Every structure is written in structure tokens, then in C-alpha cells.
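Enquirer: Here it is, the structure, as C-alpha cells.
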Amino acid sequence: MSQSLVVAPSLQRRAQTTRWIARAIALLICALVIARAVAVSLAESYPLTFWASQLVNGLVLGGVYALVALGYTLVYGILLMINFAHGEVMMVGGVAGFFALQLAQALGWMRGPAGLVAVALLVVMGVGMIGAMLTGVTLERIAYRPLRNAPRLVPLISAIGASLFLQYSVLLVFGVSPLVYQRPALISGGFRVGPVFIPYTGLIIFVTSLALMGALFVIVQRTRLGRAMRAVAADRDTAALMGVDVNQIITFTFLLGSALAGAAGVMLGFHNSVIKFNSGFIPGLKAFTAAVMGGIGNIPGAMVGALVLGIAESIGPSALGIPAEYKDIIAFVLLVLVLIFRPQGLLGEALAEKKV
Amino acid sequence: MTERHSRGIRIGLIGFGGLAYLTLIGLPGRLEASAPIVMAVVAAIGVGLALRSDAQRHPPAVVLRQALIAGVIGGTFIAILVGVFAALLGSGVRIQPVLDKITPPNVAAWYGRPTPAVARGQLAAFDFLRPALVVLLGSLAGGAVAVVAHRAVAARSGGARVPAQTRWIVIALPFVLLLAVIVLGQPAVTIGGSNKGTLRLLLAMLAVAAGLFAVRAARLGRERRVISVALLAGLVTLPFLLDQFQNAVMGIVFIFVMMGLGLNIVVGYAGLLDLGYVAFFAIGAYAYAFLSAPFSSPWFSQQLSALGLPADQPLLSFWQSIPIVMILAAVGGILLGTPVLRLRGDYLAIVTLGFGEIIRLFMLNLADLTNGPRGLLNLAPPTLFGYNLGNPRDIFILALLGTAAIAFVAFRLERSRIGRAWVAIREDEDAAQAMGVDLARIKLMAFAIGATFAGMAGQLYAARQVNIFPDNFSLFVSIDALALIIVGGMGSIPGVVLGAITLKGLPEVLRGVDEYRIVLFAALLVVMMIARPEGLLPSERRRLELHGESDATTEQIAEAA
């Protein structure tokens with residue numbers, strides 16, 4: 001809330017009161033959650049290995065969310081808009097990767113020596129990334145660029161339209177039945193660290209997402225384009241005056257975010273074994289939640305938020321003794337709690353008025 | 001020169017993308033014999049729109065040459081694509097598991113040949129040329145239309161503006177359409193309906209839509225009052241003119257109008273983008289279900305038998321339930337509104353979307369209370385003096401009454417102190433607060449009132465459906481409601497009616513395109529936001545906000561320069 005405007009003291013008091021009421025409710029929710037967790041842990045004692053393997057699941061899921069969350073954060077940092085269709089970009093990446101995988105299987109690469117399988121997997125991921133990049137850039141060009149100076153609701157609605165359009169186009173073109181990702185035999189197993197079982201896919205996903213995040217960090221912090229991106233995020237008009245081609249930078253941002261999302265889509269395909277038209281929607285929302293939790297517009301924040309969310313989601317249902325179907329609720333409750341207590345996110349700095 | 005060629009090539013490639021998309025989603029197969037004509041028209045419209053601005057700057061020959069290039073490029077590519085599909089099908093490759101809609105009938109539609117010929121690979125060389133020719137001719141026609149349209153506009157500019165007769169035609173149109181509905185036949189009990197029945201339904205919806213424009217075209221004062229009363233009289237006769245299926249469609253349209261009017265308060269007036277609005281619709285429907293069919297909820301029937309009450313009949317009638325449903329929905333609105341009071345714009349959208357999902361998850365998983373996915377069954381229909389009002393005609397009448405009541409309240413609220421406060425916080429929250437608007441109270445009022453309206457709509461919907469399931473309350477209800485107020489025009493009451501007719505009514509008329517409905521919606525949302533963000537029938541304030549000022553300033557800038 002901006003401090004420069006003078007607000008009548010009575011209203012200020014009332015605003016304070018509502019704020020405290022909201023905080024009290026939030027505290028109550030937290031207290032209930034903690035009480036419930038303690039009660040459940042006293043009543044049912046899961047073995048430690050159970051928690052450890054849940055933690056591993058959470059980290060893997062968090063890695064995927066982080067890649068998608070980075071796309072939200074990058075675009076938000078530059079355009080101050082939520083790319084509502086980002087989850088669908090990820091899904092399209094997964095679909096594109098599926099076809100590359102089919103081709104690789106038809107060519108027999110997946111049954112070849114380990115080196116060939118590794119190359120094939122890289123190709124699959126590359127195709128997924130390229131598919132997502134094409135989608136993301138087209139999306140920006142058609143649905144967002146004409147609306148850059150419109151009131152804020154307008155691009156958001158356009159984004160909702162684009163999201164539905166992508167989902168249902170995939171449904172119409174590829175049909176209702178999910179596209180099945182077959183894991184090559186080489187990575188379908190897992191290994192044990194002590195009593196904890198770690199699947200190979202999980203390890204690959206986690207390591208790959210860390211590597212991609214590292215690459216993103218280098219691009220944003222160390223290259224000319226990255227510097228231009230940061231300049232546009234800080235102040236678009238001034239950056240333009242300094243000779244930065246703003247349109248090009250925005251396209252590049254979408255390209256980066258979509259590439260990460262495409263990789264996430266392929267990994268989600270391997271993780272869940274299937275990809276279908278609405279596979280991107282809920283993970284997209286979760287990733288957005290993660291981006292907000294970490295502080296939207298903040299790149300390390302998105303990673304931290306995603307890992308926290310992934311772990312909360314995999315541990316939460318058992319810790320609270322609630323059915324696994326409610327795990328989606330955990331994400332949204334976390335989002336609301338974060339927005340009430342720390343609207344700027346876990347790692348975010350206080351945002352200027354225009355960004356809130 | 002090269003630049004002009006590249007423009008034609010670009011249009012051709014983009015056009016090919018569009019046509020290939022339509023082919024992949026199986027539209028030609030759906031159109032059967034008329035597919036080539038429709039595809040040619042699509043190509044013509046696309047090229048015509050693309051060349052519209054070129055027609056102003058370049059001589060006709062250049063424009064037509066661009067259309068020719070676009071047609072050759074687009075036609076060649078589409079012919080190759082369809083040819084590849086035909087060859088694959090002909091050689092026995094099954095494409096359908098991968099590309100769902102690429103079946104022999106769909107490919108055959110491009111060639112105007114019987115399906116077995118395509119499946120057996122019996123295609124002559126000329127057949128492969130046909131798609132290319134279709135697109136080429138369409139493109140040339142589009143280019144020609146762009147040139148001619150430009151000439152016509154140029155010839156007419158400087159002439160008189162809207163002549164007075166046009167106004168009277170607009171005013172008379174709804175009555176003519178209503179007359180046509182009457183002339184076209186007696187109400188008969190047909191479900192599904194013949195072509196004539198579909199035409200009547202279409203005319204009825206057009207009559208309502210035309211009525212909205214007629215009221216707007218009428219002059220303020222006595223003229224508008226007289227016309228409004230006459231139109232209302234016409235609207236009231238509508239349920240008695242239509243048959244059962246037509247009434248059922250109109251009933252659902254007006255239930256969505258009720259809901260849209262509520263969402264219009266939250267989004268249109270107060271500017272709080274609520275994507276979980278279905279929650280209140282669901283609260284209304286489930287509240288009515290618990291009150292009128294407690295026996296289908298395990299928990300409720302248990303409680304009732306524990307209390308010694310009869311558990312096999314409604315607790316309250318439809319009419320007695322209304323106030324309770326309204327109160328419950330309003331409480332729901334306040335409960336879900338309180339945590340999000342401080343959120344703005346995008347955050348609010350996502351959090352409310354989450355709330356909508358949470359409510360649906362509860363409906364699905366609280367099986368003791370809601371009977372889970374099996375739903376609540378055998379809800380009581382509304383009755384009046386022992387007369388059952390559960391048939392489609394009476395539901396339509398009830399929906400009209402509900403719409404009238406809600407529209408009246410919304411109309412009065414819009415012009416009240418609260419309504420002005422809503423608009424103020426929509427435009428600038430901080431400035432509104434500085435002017436003494438109590439943000440929390442005003443926002444909560446918007447949520448509560450909007451939720452109340454949605455709850456009423458939900459109750460009527462539940463009574464209409466008799467059996468309700470969690471799947472009736474998916475995210476798409478929210479999206480439909482939002483889409484209809486956007487298409488109609490945010491913050492505009494007649495706009496909501498027009499939006500509901502366009503988005504809920506027209507798809508019923510265009511039977512057979514149901515699977516394309518959502519894609520169409522989605523494309524429409526994007527196109528609307530780019531071309532006409534204020535909606536089809538905008539409120540005056542909104543229109544000026546989105547167009548008036550910025551146009552004026554660009555003109556001033558142009559003059560100054």
C-alpha cells in the first residue's frame with residue numbers, strides 16, 4: 001500500500017483492524033495445522049524411511065515446479081503480468097517430447113547402449129524445449145503483444161483464453177486418451193541409499209533441473225542479453241532509451257521461460273508416465289503458487305518456493321492425516337497464508353505499488 | 001518489391017497454419033460435402049482481413065498479386081499436407097491413434113470424394129490439386145473483397161452519418177423477429193427439434209438480443225420507456241411460444257444471466273477478478289439440495305432420524321429455501337472474501353481460482369455430506385399451489401423472474417453510493433481510500449452481493465437439474481460466467497444478457513460443433529481482448545475508458561506533429 005496518500009485516520013484504523021483479523025484467522029489456521037500434525041504424529045508413527053522417501057518425492061516434484069515457476073517469475077519480472085498459459089506451454093513441450101520419444105523408440109535408440117539412450121533422452125528433451133519455445137513465442141506475439149498497454153485485466157483474460165485454447169486444441173488434435181511415456185529400461189529402476197529407495201528418473205529430474213537453473217542463472221547474470229533483461233525488468237522505458245530492444249528482450253524472456261517449461265513437461269511426462277491435454281493446468285497453478293511464495297519476479301525465490309511447495313505437498317497429507325486428494329488444497333492454503341503474512345514472498349523485497 | 005512479395009508469402013504461411021489447424025481438429029470432416037466451400041470462405045476472410053490495410057496504401061494490382069502469392073503458398077502447402085495424410089491412409093498407416101481427427105472421412109472431405117476411395121488410395125492427380133485450388137480461389141476472392149471494400153468505404157466517406165431510419169429499423173427488429181417466431185409454428189412438444197425448430201430457437205434468441213440494442217437505440221425518456229415495456233411484454237410471451245427443448249435452452253441461458261449479473265458486480269463494477277465464482281453457484285445448489293432432498297445426503301438423513309424427523313421428504317419448499325440459500329451464499333462470499341481483501345488483480349484471480357477448486361474437492365471428497373461423485377438426487381421441483389413448476393417452460397419463467405429481480409437490484413446498486421464506491425476502487429484503490437471509501441466493507445459487500453445472486457442461480461439450476469453432481473460445478477462454469485460478461489461488456493447489465501445468449505445459447509443452435517465450443521470460446525476471448533476489449537454491448541463508461549481517451553490523444557499527437 002502506498003504511503004504517499006493521506007488516508008483518514010478512522011479508515012486507517014479500520015484497515016488495520018481488518019488486517020489484524022485476517023492475521024488472526026491465518027494464525028488460527030497455522031495453529032490448527034500444527035496441532036493436527038502433532039496429534040497425527042503421536043497417533044500414527046510412520047517409520048523414518050517413509051518420511052525420507054516422501055522427502056525425495058517432494059524434492060523431485062519441487063524440481064519440476066521450480067522450472068515452471070521460473071517461467072512465471074521471468075515473465076512477471078519483465079511484463080508485470082501472469083502468463084496464465086505457462087502451464088499449457090509446459091504441456092505442449094511434454095507432447096512434443098512424446099513424439100520425439102516415439103521416434104527414438106521406433107528407431108530402436110532406446111534399446112541401444114547407455115550412451116545412445118542418453119543421447120536419445122537429450123534429443124527428446126531438446127524437442128520438448130523447442131516445441132515449448134515455439135508455443136511460448138507465438139503466444140506472446142499473438143495474445144500478449146497487442147495488449148501491452150491495455151488495462152491489467154485485459155491481458156489476463158487473453159491469457160486465460162490462450163490457456164483454454166491450447167488445452168482444447170491438444171485435446172482435439174491428439175484425442176482424449178493420454179499419451180504414454182515409456183521409460184527406457186535403462187532408467188526405469190532405482191537404487192537405495194540406506195533404506196531409502198531413489199528412482200533413477202527422480203534423480204535425473206532433480207539433477208537436470210538444477211543444471212538448467214544453473215544455466216539460467218549464468219544467462220541472466222553473466223551475458224549481455226541477461227543484463228538487458230535485468231535492465232528491462234528494472235525500468236522498461238529507461239532501458240529502451242539506453243538502446244535495449246525491448247521487444248527482442250521480451251521475446252527472449254518468453255523463449256527462456258518456455259524452454260525451461262518444455263524441459264519440465266518432458267520430465268513430468270517421465271515422472272507421471274503420461275501426458276494429456278490438461279496435464280499442465282494444475283502443475284501450472286502450483287508453480288505459480290511457488291513463484292508467489294518465493295517472491296514473484298525473484299529468480300532464487302522461485303526455486304526456494306518450488307522446493308518448499310513440493311516438499312509440503314508430498315509430506316503434508318501424511319503429516320496431517322488427510323487423504324491425498326486434498327494435496328491441492330495445501331498449495332492454495334499455503335499461498336493464502338504467504339500472501340497474508342508476507343505478500344512480498346519468502347525471498348522477495350518489498351515491491352513497489354505498481355507490482356502488487 | 002521484395003517486401004511486397006514477402007508480405008504475400010507471410011500471409012500464405014500464416015493462412016496455411018490456420019487451415020492446417022482446422023484440418024487437424026477435424027473441421028472439414030464435420031462439414032462433409034460443404035467443406036471445400038467453407039475452407040475457401042475461411043481463406044477468403046483471412047486474406048481479406050490481412051490485406052485490408054494494404055488496400056488503402058497500394059493499387060489494386062499489387063493487392064491482388066499479394067493475394068495470389070498467399071493463395072499459391074497456402075494452397076500448395078495445404079495440398080501437400082492433405083496429400084501426405086491421404087497417401088498414409090491409402091497405404092494403410094493408422095494415423096488416428098496419434099492425430100485423433102485424421103480419419104479417411106476427414107481427408108476425403110477436402111477432395112469431395114467418397115471415403116472408401118481415400119481409404120484405398122484411389123485418388124487421381126486432379127484430386128490433389130483440388131485443395132490447392134480451393135485455397136487459391138478463396139485467397140483471390142479475399143483480395144478482391146479487400147479492394148472492393150476499400151473502394152466502397154472511400155466512396156462513402158464524407159457522406160451522412162447514421163441516418164434516422166436505421167434507428168427505427170433497429171427498434172423494430174426485435175418485434176419482427178418475435179413475429180417470425182410466432183409465424184414459424186405452434187409450440188409442439190418436440191425434444192431435439194427439426195431444422196424449423198432450431199430456426200425458431202435462433203430467432204427467439206436473436207429477438208432478445210435485438211431487443212437489447214433496440215432499447216439502447218431508443219431516445220432517453222418516454223420513447224425508451226414505451227419501447228422497454230413493449231419489449232418486456234414480448235419477452236414474457238416467449239416461454240409460451242417455444243417448445244420444451246427451446247424453453248430448456250432459454251432457461252439455462254437465463255440462469256447464466258442471473259449468475260453473470262452477480263459476477264458482473266464483483267468483476268464489472270468492483271474490478272475484483274474472481275475466477276472461483278462457481279463456488280457460490282455450488283453453495284446455492286448444494287444448500288438447496290440439502291434443504292429439499294436431505295435423504296440423499298448420508299449425514300443429513302442420519303441427523304434427521306436422530307432427531308426423529310421424517311427423513312424422506314423436503315425440509316423446506318423451494319420458496320422457503322430462497323432466503324436461506326441467499327444468506328448461506330452471502331456468508332460464503334464474506335468467508336471467502338475476507339482472506340483476499342488485500343490482494344489485487346492477478347493474485348486475487350489465482351487465489352479465488354484456488355477457492356473454486358477447493359470447494360469442488362470438498363464436494364467430491366466429503367462423501368458423508370455430499371454423497372461424493374454420486375451426487376445428490378431427487379431434489380424437489382418448485383411448486384405453486386400444488387402445481388409443479390419443474391417443466392422447462394416454468395423454469396424459464398422463473399429464470400426470467402429471477403433475472404428481472406436481480407437486474408433491478410443491480411441497476412439500482414450501480415447508481416447508488418455503494419455502486420460509485422465499487423467503480424472508485426476498480427479505477428484506483430488508493431485514491432478511493434483517500435476519498436474515504438472503506439475498502440474492506442465495500443469489497444466484502446461486492447463479494448456478498450455477487451455471491452447471493454450466484455446462490456440464487458445455483459438454487460434454480462439445482463431445481464432444474466433435479467440431480468446434481470460435483471462435475472456440474474467445475475472451473476468451466478466460472479470461465480463461462482466470466483467469458484459471458486466479457487463478451488457482453490463488463491459492467492453492463494444488457495451486456496450480460498447478450499453475452500449469455502452468445503455463449504450459452506448459440507452453441508445449442510449450432511448443434512454438432514459442441515466439441516469445438518471451448519476452443520471457439522477461447523479464441524473468441526483472445527480476439528475480443530485485442531479487437532474490442534469493452535465487449536459487444538459495453539457500458540458507456542467502460543467504452544470511453546478503453547477507447548475514447550487514448551484515441552483522442554493519439555489524434556492530438558498526430559495533429560501536433
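Letters A, B, ... mark the chains of the C-alpha cells in the order given; residue numbers begin at 1 per chain; ligand numbers begin at 1, in order shown.
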Going by DSSP on the backbone, which bits of segment 9-218 of chain B are alpha helix (DSSP H)? Write them as a ChimeraX atom specification, please.
Expert: /B:9-24,27-31,35-50,52-57,60-90,104-111,115-119,125-156,164-183,195-217
Enquirer: Residues of chain A within 6 Å of chain B, counting only C-alpha atoms - could you list those as a list in words?
Expert: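 Interface list for chain A against chain B: Val6, Val7, Ala22, Ser158, Gly161, Leu164, Phe165, Tyr168, Leu172, Val173, Phe174, Gly175, Ile329 and Phe332 of chain A.
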Enquirer: Dump all heavy atoms for the selected residues as a compact mmCIF listing (two decimals), in the first residue's frame?
Expert:
```txt
# COMPACT_ATOMS: atom_id res chain seq x y z
N VAL A 6 -2.78 10.32 1.75
CA VAL A 6 -3.26 10.55 3.10
C VAL A 6 -4.61 9.87 3.24
O VAL A 6 -5.51 10.10 2.45
CB VAL A 6 -3.40 12.05 3.37
CG1 VAL A 6 -3.85 12.27 4.80
CG2 VAL A 6 -2.09 12.73 3.10
N VAL A 7 -4.74 9.01 4.20
CA VAL A 7 -5.98 8.29 4.41
C VAL A 7 -6.53 8.69 5.76
O VAL A 7 -5.77 8.83 6.72
CB VAL A 7 -5.73 6.78 4.35
CG1 VAL A 7 -6.99 6.01 4.68
CG2 VAL A 7 -5.24 6.39 2.97
N ALA A 22 -7.52 -10.69 9.61
CA ALA A 22 -7.00 -11.65 8.64
C ALA A 22 -5.82 -12.41 9.23
O ALA A 22 -5.73 -13.63 9.12
CB ALA A 22 -6.60 -10.93 7.36
N SER A 158 -7.03 -12.47 -21.77
CA SER A 158 -6.48 -13.03 -23.00
C SER A 158 -5.64 -14.26 -22.69
O SER A 158 -5.69 -15.27 -23.42
CB SER A 158 -5.63 -11.95 -23.68
OG SER A 158 -4.92 -12.48 -24.74
N GLY A 161 -7.87 -17.16 -22.08
CA GLY A 161 -8.34 -17.66 -23.37
C GLY A 161 -7.27 -18.51 -24.04
O GLY A 161 -7.55 -19.61 -24.53
N LEU A 164 -6.95 -21.95 -22.37
CA LEU A 164 -8.00 -22.88 -22.78
C LEU A 164 -7.81 -23.33 -24.21
O LEU A 164 -8.01 -24.49 -24.56
CB LEU A 164 -9.37 -22.19 -22.66
CG LEU A 164 -9.92 -22.03 -21.26
CD1 LEU A 164 -11.22 -21.27 -21.30
CD2 LEU A 164 -10.15 -23.40 -20.65
N PHE A 165 -7.40 -22.38 -25.06
CA PHE A 165 -7.24 -22.70 -26.47
C PHE A 165 -6.18 -23.79 -26.64
O PHE A 165 -6.38 -24.77 -27.37
CB PHE A 165 -6.84 -21.45 -27.24
CG PHE A 165 -6.73 -21.66 -28.71
CD1 PHE A 165 -7.86 -21.66 -29.50
CD2 PHE A 165 -5.50 -21.87 -29.31
CE1 PHE A 165 -7.77 -21.88 -30.86
CE2 PHE A 165 -5.41 -22.09 -30.66
CZ PHE A 165 -6.54 -22.09 -31.44
N TYR A 168 -7.49 -27.27 -25.24
CA TYR A 168 -8.51 -27.97 -26.01
C TYR A 168 -8.08 -28.22 -27.44
O TYR A 168 -8.61 -29.12 -28.09
CB TYR A 168 -9.85 -27.26 -25.86
CG TYR A 168 -10.42 -27.61 -24.52
CD1 TYR A 168 -10.03 -26.93 -23.40
CD2 TYR A 168 -11.22 -28.73 -24.37
CE1 TYR A 168 -10.46 -27.31 -22.15
CE2 TYR A 168 -11.65 -29.12 -23.14
CZ TYR A 168 -11.28 -28.42 -22.03
OH TYR A 168 -11.68 -28.83 -20.80
N LEU A 172 -8.33 -31.81 -29.06
CA LEU A 172 -8.96 -32.09 -30.34
C LEU A 172 -8.00 -32.76 -31.31
O LEU A 172 -8.39 -33.64 -32.07
CB LEU A 172 -9.47 -30.78 -30.97
CG LEU A 172 -10.75 -30.22 -30.38
CD1 LEU A 172 -11.07 -28.88 -31.00
CD2 LEU A 172 -11.90 -31.18 -30.63
N VAL A 173 -6.74 -32.33 -31.29
CA VAL A 173 -5.80 -32.87 -32.27
C VAL A 173 -5.33 -34.27 -31.88
O VAL A 173 -5.28 -35.17 -32.72
CB VAL A 173 -4.60 -31.92 -32.44
CG1 VAL A 173 -3.54 -32.55 -33.33
CG2 VAL A 173 -5.05 -30.61 -33.02
N PHE A 174 -5.03 -34.45 -30.59
CA PHE A 174 -4.42 -35.72 -30.19
C PHE A 174 -5.40 -36.67 -29.48
O PHE A 174 -5.01 -37.77 -29.12
CB PHE A 174 -3.21 -35.48 -29.29
CG PHE A 174 -2.16 -34.65 -29.96
CD1 PHE A 174 -1.89 -33.37 -29.53
CD2 PHE A 174 -1.47 -35.14 -31.05
CE1 PHE A 174 -0.94 -32.59 -30.16
CE2 PHE A 174 -0.52 -34.37 -31.69
CZ PHE A 174 -0.26 -33.09 -31.24
N GLY A 175 -6.63 -36.21 -29.25
CA GLY A 175 -7.61 -37.11 -28.66
C GLY A 175 -7.58 -37.13 -27.14
O GLY A 175 -6.71 -36.52 -26.52
N ILE A 329 -5.23 -28.67 -2.00
CA ILE A 329 -5.67 -27.63 -1.07
C ILE A 329 -4.48 -27.07 -0.31
O ILE A 329 -4.42 -25.87 -0.06
CB ILE A 329 -6.72 -28.22 -0.10
CG1 ILE A 329 -7.98 -28.59 -0.87
CG2 ILE A 329 -7.04 -27.24 1.00
CD1 ILE A 329 -9.08 -29.12 -0.03
N PHE A 332 -2.89 -24.17 -2.09
CA PHE A 332 -3.61 -22.91 -2.09
C PHE A 332 -3.66 -22.29 -0.70
O PHE A 332 -3.58 -21.07 -0.56
CB PHE A 332 -5.02 -23.11 -2.64
CG PHE A 332 -5.00 -23.40 -4.11
CD1 PHE A 332 -5.49 -24.57 -4.61
CD2 PHE A 332 -4.46 -22.48 -4.98
CE1 PHE A 332 -5.45 -24.84 -5.95
CE2 PHE A 332 -4.41 -22.74 -6.33
CZ PHE A 332 -4.91 -23.93 -6.82
```
Enquirer: Give me the residues near Met213 of chain A as JSON, numbers by chain, where near means some atom within 9 Å (using only C-alpha atoms) and where sequence neighbours in that chain fewer than 5 positions away do not count.
Expert: {"A": [66, 67, 70, 208, 218, 260, 303]}
Enquirer: Quick one: residues within 12 Å of segment 317-332 of chain B, only C-alpha atoms counted, chain neighbours fewer than 5 positions away excluded, as number ranges by chain?
Expert: B: 262, 276-293, 337-338, 355-356, 359, 379-386, 388-390, 398, 402, 444-464
Enquirer: To one decimal in Å, tell me the separation between atom CA of Leu537 of chain B and atom CA of Leu242 of chain B.
Expert: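 Atom CA of Leu537 of chain B sits 26.1 Å away from atom CA of Leu242 of chain B.
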Enquirer: Grab the atom CA of Val226 of chain B to atom CA of Phe175 of chain B distance for me, in Å with one decimal place.
Expert: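 Atom-to-atom, atom CA of Val226 of chain B and atom CA of Phe175 of chain B are spaced 13.4 Å apart.
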Enquirer: From segment 322-509 of chain B, collect each residue whose DSSP state is strand (DSSP E or B) and return the set as a list in words.
Expert: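 DSSP on the backbone gives strand (DSSP E or B) at Leu376, Thr383, Leu384, Tyr387, Asn388 and Ile468 of chain B.
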Enquirer: Mind checking which residues fall within 6 Å of Leu136 of chain B, counting only C-alpha atoms, ignoring those fewer than 6 positions away in the same chain, and posting them as a list in words?
Expert: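 In the requested format, the answer is Gly71, Val72 and Gly75 of chain B.
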Enquirer: To one decimal place, how far is atom CA of Val60 of chain A from atom CA of Ala31 of chain A in Å?
Expert: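 Separation between atom CA of Val60 of chain A and atom CA of Ala31 of chain A: 28.4 Å.
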Enquirer: With only C-alpha atoms as the basis for distance, which of B:Met258, B:Leu316, B:Ala61, B:Leu475 is at the shortest distance from Ile406 of chain B?
Expert: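 Result for the nearest residue to Ile406 of chain B: B:Met258.
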